[in-house]
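The data block below is structure_3.cif; it holds mmCIF, C-alpha atoms.
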```
data_model
#
loop_
_atom_site.group_PDB
_atom_site.id
_atom_site.type_symbol
_atom_site.label_atom_id
_atom_site.label_comp_id
_atom_site.auth_asym_id
_atom_site.auth_seq_id
_atom_site.Cartn_x
_atom_site.Cartn_y
_atom_site.Cartn_z
ATOM 1 C CA SER A 189 84.555 80.320 101.071
ATOM 2 C CA ARG A 190 81.061 79.749 102.480
ATOM 3 C CA ASN A 191 80.392 76.615 100.423
ATOM 4 C CA GLN A 192 78.613 74.545 103.045
ATOM 5 C CA GLY A 193 77.651 71.765 100.628
ATOM 6 C CA ILE A 194 81.173 70.766 99.634
ATOM 7 C CA SER A 195 82.022 67.191 100.599
ATOM 8 C CA PHE A 196 85.198 65.546 101.808
ATOM 9 C CA GLY A 197 85.220 63.353 98.692
ATOM 10 C CA ASP A 198 84.783 66.323 96.367
ATOM 11 C CA LEU A 199 87.712 68.107 97.989
ATOM 12 C CA GLY A 200 89.885 64.999 97.715
ATOM 13 C CA ASP A 201 89.049 64.624 94.023
ATOM 14 C CA VAL A 202 89.813 68.283 93.289
ATOM 15 C CA PHE A 203 93.158 68.168 95.127
ATOM 16 C CA ALA A 204 94.141 64.823 93.567
ATOM 17 C CA ALA A 205 93.449 66.117 90.058
ATOM 18 C CA ALA A 206 95.047 69.518 90.647
ATOM 19 C CA THR A 207 97.570 70.224 87.936
ATOM 20 C CA PHE A 208 97.478 73.973 88.405
ATOM 21 C CA ARG A 209 99.955 76.025 90.418
ATOM 22 C CA LEU A 210 97.589 77.303 93.072
ATOM 23 C CA GLU A 211 99.121 79.844 95.475
ATOM 24 C CA GLU A 212 96.090 80.875 97.535
ATOM 25 C CA LEU A 213 93.110 78.859 98.759
ATOM 26 C CA ASP A 214 90.188 80.099 100.858
ATOM 27 C CA MET A 215 87.993 77.356 102.317
ATOM 28 C CA SER A 216 86.711 79.407 105.241
ATOM 29 C CA ASN A 217 83.238 78.867 106.690
ATOM 30 C CA CYS A 218 82.464 75.746 104.654
ATOM 31 C CA GLU A 219 81.422 73.588 107.634
ATOM 32 C CA ILE A 220 84.035 70.982 106.755
ATOM 33 C CA GLY A 221 85.141 68.591 109.485
ATOM 34 C CA PHE A 222 88.108 67.025 107.663
ATOM 35 C CA LEU A 223 90.668 67.995 105.083
ATOM 36 C CA PRO A 224 91.716 65.262 102.664
ATOM 37 C CA GLN A 225 95.344 64.048 102.575
ATOM 38 C CA GLU A 226 95.481 65.161 98.950
ATOM 39 C CA ILE A 227 95.812 68.791 100.073
ATOM 40 C CA GLY A 228 99.535 68.012 100.186
ATOM 41 C CA ARG A 229 99.560 67.936 96.374
ATOM 42 C CA LEU A 230 99.133 71.709 96.285
ATOM 43 C CA LYS A 231 102.903 72.201 96.526
ATOM 44 C CA THR A 232 102.865 75.851 95.417
ATOM 45 C CA LEU A 233 100.287 76.951 98.019
ATOM 46 C CA LYS A 234 101.437 80.043 99.920
ATOM 47 C CA LYS A 235 98.228 81.147 101.610
ATOM 48 C CA LEU A 236 95.595 78.875 103.155
ATOM 49 C CA ASN A 237 92.477 80.050 104.970
ATOM 50 C CA ILE A 238 90.465 77.272 106.605
ATOM 51 C CA ALA A 239 88.944 79.422 109.360
ATOM 52 C CA GLY A 240 85.431 78.925 110.674
ATOM 53 C CA ASN A 241 85.116 75.217 110.020
ATOM 54 C CA LEU A 242 84.706 72.143 112.232
ATOM 55 C CA LEU A 243 88.272 70.854 112.060
ATOM 56 C CA ASN A 244 89.705 68.957 115.058
ATOM 57 C CA ASN A 245 93.060 68.319 113.431
ATOM 58 C CA LEU A 246 94.949 68.773 110.199
ATOM 59 C CA PRO A 247 95.834 65.858 107.922
ATOM 60 C CA TYR A 248 99.364 64.494 107.701
ATOM 61 C CA GLY A 249 99.514 65.553 104.037
ATOM 62 C CA ILE A 250 99.434 69.217 105.020
ATOM 63 C CA ILE A 251 103.117 69.091 106.009
ATOM 64 C CA GLN A 252 103.923 68.837 102.294
ATOM 65 C CA LEU A 253 102.887 72.479 101.885
ATOM 66 C CA THR A 254 106.460 73.643 102.379
ATOM 67 C CA LYS A 255 105.931 76.991 100.602
ATOM 68 C CA LEU A 256 103.125 77.973 102.999
ATOM 69 C CA GLU A 257 103.564 81.568 104.224
ATOM 70 C CA ASP A 258 100.144 82.470 105.630
ATOM 71 C CA LEU A 259 97.900 80.020 107.474
ATOM 72 C CA CYS A 260 94.600 80.843 109.146
ATOM 73 C CA VAL A 261 92.946 78.028 111.126
ATOM 74 C CA ALA A 262 90.984 80.381 113.395
ATOM 75 C CA ASN A 263 87.633 79.372 114.862
ATOM 76 C CA ASN A 264 87.885 75.626 114.509
ATOM 77 C CA ARG A 265 88.354 72.895 117.099
ATOM 78 C CA ILE A 266 92.051 72.249 116.500
ATOM 79 C CA GLU A 267 93.705 70.599 119.493
ATOM 80 C CA ASP A 268 97.298 70.087 118.386
ATOM 81 C CA MET A 269 99.302 71.203 115.388
ATOM 82 C CA SER A 270 102.694 71.592 117.039
ATOM 83 C CA TRP A 271 104.304 68.801 115.010
ATOM 84 C CA GLN A 272 103.144 70.292 111.693
ATOM 85 C CA VAL A 273 104.657 73.758 112.116
ATOM 86 C CA TYR A 274 108.162 72.218 112.114
ATOM 87 C CA GLN A 275 107.700 71.635 108.372
ATOM 88 C CA TRP A 276 106.697 75.171 107.433
ATOM 89 C CA TRP A 277 109.989 77.060 107.304
ATOM 90 C CA ASN A 278 108.494 79.835 105.130
ATOM 91 C CA LEU A 279 105.573 80.533 107.496
ATOM 92 C CA LYS A 280 105.230 84.264 108.123
ATOM 93 C CA SER A 281 101.697 84.570 109.523
ATOM 94 C CA LEU A 282 99.709 82.137 111.663
ATOM 95 C CA ASP A 283 96.237 82.653 113.130
ATOM 96 C CA VAL A 284 95.189 79.918 115.570
ATOM 97 C CA SER A 285 92.719 82.035 117.539
ATOM 98 C CA GLY A 286 89.311 80.647 118.395
ATOM 99 C CA ASN A 287 90.552 77.100 119.041
ATOM 100 C CA PRO A 288 89.821 76.835 122.771
ATOM 101 C CA ASP A 289 91.389 73.367 123.251
ATOM 102 C CA LEU A 290 94.598 74.113 121.363
ATOM 103 C CA LYS A 291 97.754 72.925 123.124
ATOM 104 C CA THR A 292 99.343 76.365 123.093
ATOM 105 C CA GLU A 293 102.518 75.585 125.030
ATOM 106 C CA GLU A 294 103.468 72.801 122.609
ATOM 107 C CA LEU A 295 102.668 75.014 119.634
ATOM 108 C CA LEU A 296 104.704 77.930 120.974
ATOM 109 C CA PHE A 297 107.662 75.645 121.640
ATOM 110 C CA SER A 298 107.504 74.429 118.031
ATOM 111 C CA LEU A 299 107.157 77.975 116.709
ATOM 112 C CA SER A 300 110.238 79.104 118.644
ATOM 113 C CA VAL A 301 112.433 77.545 115.926
ATOM 114 C CA CYS A 302 110.659 79.473 113.136
ATOM 115 C CA ASP A 303 112.860 82.485 112.471
ATOM 116 C CA GLY A 304 110.649 83.924 109.730
ATOM 117 C CA LEU A 305 107.340 84.125 111.618
ATOM 118 C CA ASP A 306 106.216 87.766 111.586
ATOM 119 C CA ARG A 307 102.674 87.530 112.954
ATOM 120 C CA LEU A 308 100.911 85.235 115.406
ATOM 121 C CA VAL A 309 97.285 85.480 116.516
ATOM 122 C CA ILE A 310 96.376 83.268 119.465
ATOM 123 C CA SER A 311 93.541 83.080 121.995
ATOM 124 C CA HIS A 312 92.212 81.453 125.146
ATOM 125 C CA LEU A 313 95.307 82.025 127.250
ATOM 126 C CA LYS A 314 95.235 82.066 131.031
ATOM 127 C CA THR A 315 98.861 83.096 131.392
ATOM 128 C CA ILE A 316 101.495 84.413 129.078
ATOM 129 C CA PRO A 317 103.433 81.149 128.645
ATOM 130 C CA ASN A 318 107.171 81.082 129.312
ATOM 131 C CA GLU A 319 107.588 79.850 125.713
ATOM 132 C CA PHE A 320 106.894 83.434 124.544
ATOM 133 C CA LYS A 321 110.409 84.376 125.644
ATOM 134 C CA ASP A 322 111.838 82.266 122.789
ATOM 135 C CA LEU A 323 109.237 83.225 120.204
ATOM 136 C CA LYS A 324 110.738 85.271 117.385
ATOM 137 C CA VAL A 325 107.629 87.125 116.233
ATOM 138 C CA ALA A 326 107.284 90.824 115.469
ATOM 139 C CA ASP A 327 103.500 91.093 115.757
ATOM 140 C CA LEU A 328 101.643 89.183 118.479
ATOM 141 C CA GLU A 329 97.878 89.425 118.943
ATOM 142 C CA ILE A 330 96.231 87.765 121.924
ATOM 143 C CA ARG A 331 92.441 87.426 121.735
ATOM 144 C CA ASN A 332 89.660 86.347 124.072
ATOM 145 C CA SER A 333 91.897 85.531 127.012
ATOM 146 C CA HIS A 334 91.713 85.947 130.775
ATOM 147 C CA ILE A 335 95.297 86.679 131.749
ATOM 148 C CA THR A 336 96.247 86.046 135.362
ATOM 149 C CA THR A 337 100.027 86.406 135.011
ATOM 150 C CA PHE A 338 102.288 88.087 132.498
ATOM 151 C CA ASN A 339 105.767 86.567 132.566
ATOM 152 C CA ARG A 340 108.143 88.526 130.364
ATOM 153 C CA LEU A 341 111.819 88.184 131.109
ATOM 154 C CA ASP A 342 114.676 90.599 130.482
ATOM 155 C CA ASN A 343 116.180 88.175 127.996
ATOM 156 C CA SER A 344 112.929 87.740 126.027
ATOM 157 C CA VAL A 345 112.953 88.321 122.302
ATOM 158 C CA PRO A 346 111.559 91.800 121.475
ATOM 159 C CA ILE A 347 108.034 91.987 120.095
ATOM 160 C CA LYS A 348 107.419 95.103 117.981
ATOM 161 C CA ARG A 349 103.624 95.061 118.216
ATOM 162 C CA LEU A 350 101.585 93.453 120.981
ATOM 163 C CA SER A 351 97.780 93.604 120.864
ATOM 164 C CA PHE A 352 95.190 92.386 123.348
ATOM 165 C CA VAL A 353 91.694 91.983 121.867
ATOM 166 C CA LYS A 354 88.759 91.218 124.187
ATOM 167 C CA CYS A 355 91.052 90.202 127.043
ATOM 168 C CA THR A 356 90.657 90.619 130.780
ATOM 169 C CA PHE A 357 93.429 90.829 133.331
ATOM 170 C CA GLN A 358 93.383 89.715 136.943
ATOM 171 C CA ARG A 359 95.618 92.638 137.944
#
```
Using structure tokens, write down the structure from this file.
Amino acid sequence: SRNQGISFGDLGDVFAAATFRLEELDMSNCEIGFLPQEIGRLKTLKKLNIAGNLLNNLPYGIIQLTKLEDLCVANNRIEDMSWQVYQWWNLKSLDVSGNPDLKTEELLFSLSVCDGLDRLVISHLKTIPNEFKDLKVADLEIRNSHITTFNRLDNSVPIKRLSFVKCTFQR
């Protein structure tokens, strides 16, 4: 965390040579713009924090992190990661807040098949998407959003804890 001088090549070399059974990795606030494909070699990784970087997307190799339980990609520039979440069956907590161009509807659709997801933190919503009705999450936190409509249906999956942080509502 907070290692602004770390290079893409250095990260690739470390991940490629990794023979240890790493379970938790914090690379938050390192000003990195890319993650190397070799991150997929960290097969035992359960918790990954890559918040506060300059990431536009995640590498293909990240889908190999099948034991991933907790992922924080907050405050980046991620646009789409809907296809990657299909691979993370053990994912319990996901923070995608602070990614203003994130394709949220696609992500929520992909997350609707994840039965084990306990916590989701998301931001920059204008409406509560219809995909929330299929989302099986116990704890939902919506941040920095201007909500104009709130569409919850009678047949929606129950959410045990719903939090709005720095949100405004039209009505």
Selection near range 203-211 of chain A, 8 Å with all atoms listed in the file, sequence-local residues under 6 positions removed, as a compact mmCIF listing (two decimals) with C-alpha atoms, in the coordinates of the input:
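For reference, out-v8.txt as written:
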```
# COMPACT_ATOMS: atom_id res chain seq x y z
CA GLU A 226 95.48 65.16 98.95
CA ILE A 227 95.81 68.79 100.07
CA ARG A 229 99.56 67.94 96.37
CA LEU A 230 99.13 71.71 96.28
CA LYS A 231 102.90 72.20 96.53
CA THR A 232 102.86 75.85 95.42
CA LEU A 233 100.29 76.95 98.02
CA LYS A 234 101.44 80.04 99.92
CA LYS A 235 98.23 81.15 101.61
```
Selection: 6 Å around Asn237 in chain A, all atoms listed in the file, excl. self and same-chain fewer than 5 positions, as a list in words: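 In the requested form, the answer reads Asp214, Met215, Ser216, Leu259 and Cys260 of chain A.
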Minimum-distance residue to Val353 in chain A, chosen among A:Leu323, A:Leu313, A:Pro247, A:Gly228 (using all atoms listed in the file):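 For Val353 in chain A, the nearest of the candidates is A:Leu313.
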A:Asp327, A:Asp306, A:Asp322, A:Glu294 ranked by distance to Met269 in chain A, top pick (using only C-alpha atoms):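 Looking at the shortest contact to Met269 in chain A, the residue is A:Glu294.
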Expected selection from the PyMOL selection byres ((chain A and resi 266) around 9), given as a VMD selection string: chain A and resid 242 to 246 261 to 265 267 to 269 284 287 to 291
Local residues around (97.7, 84.3, 139.4), at most 8 Å away, using only C-alpha atoms, as a ChimeraX atom specification: /A:336-337,358
Nearest to Ser189 in chain A, chosen from A:Leu223, A:Ala239, A:Val309, A:Leu282, with only C-alpha atoms counted in the distances: A:Ala239
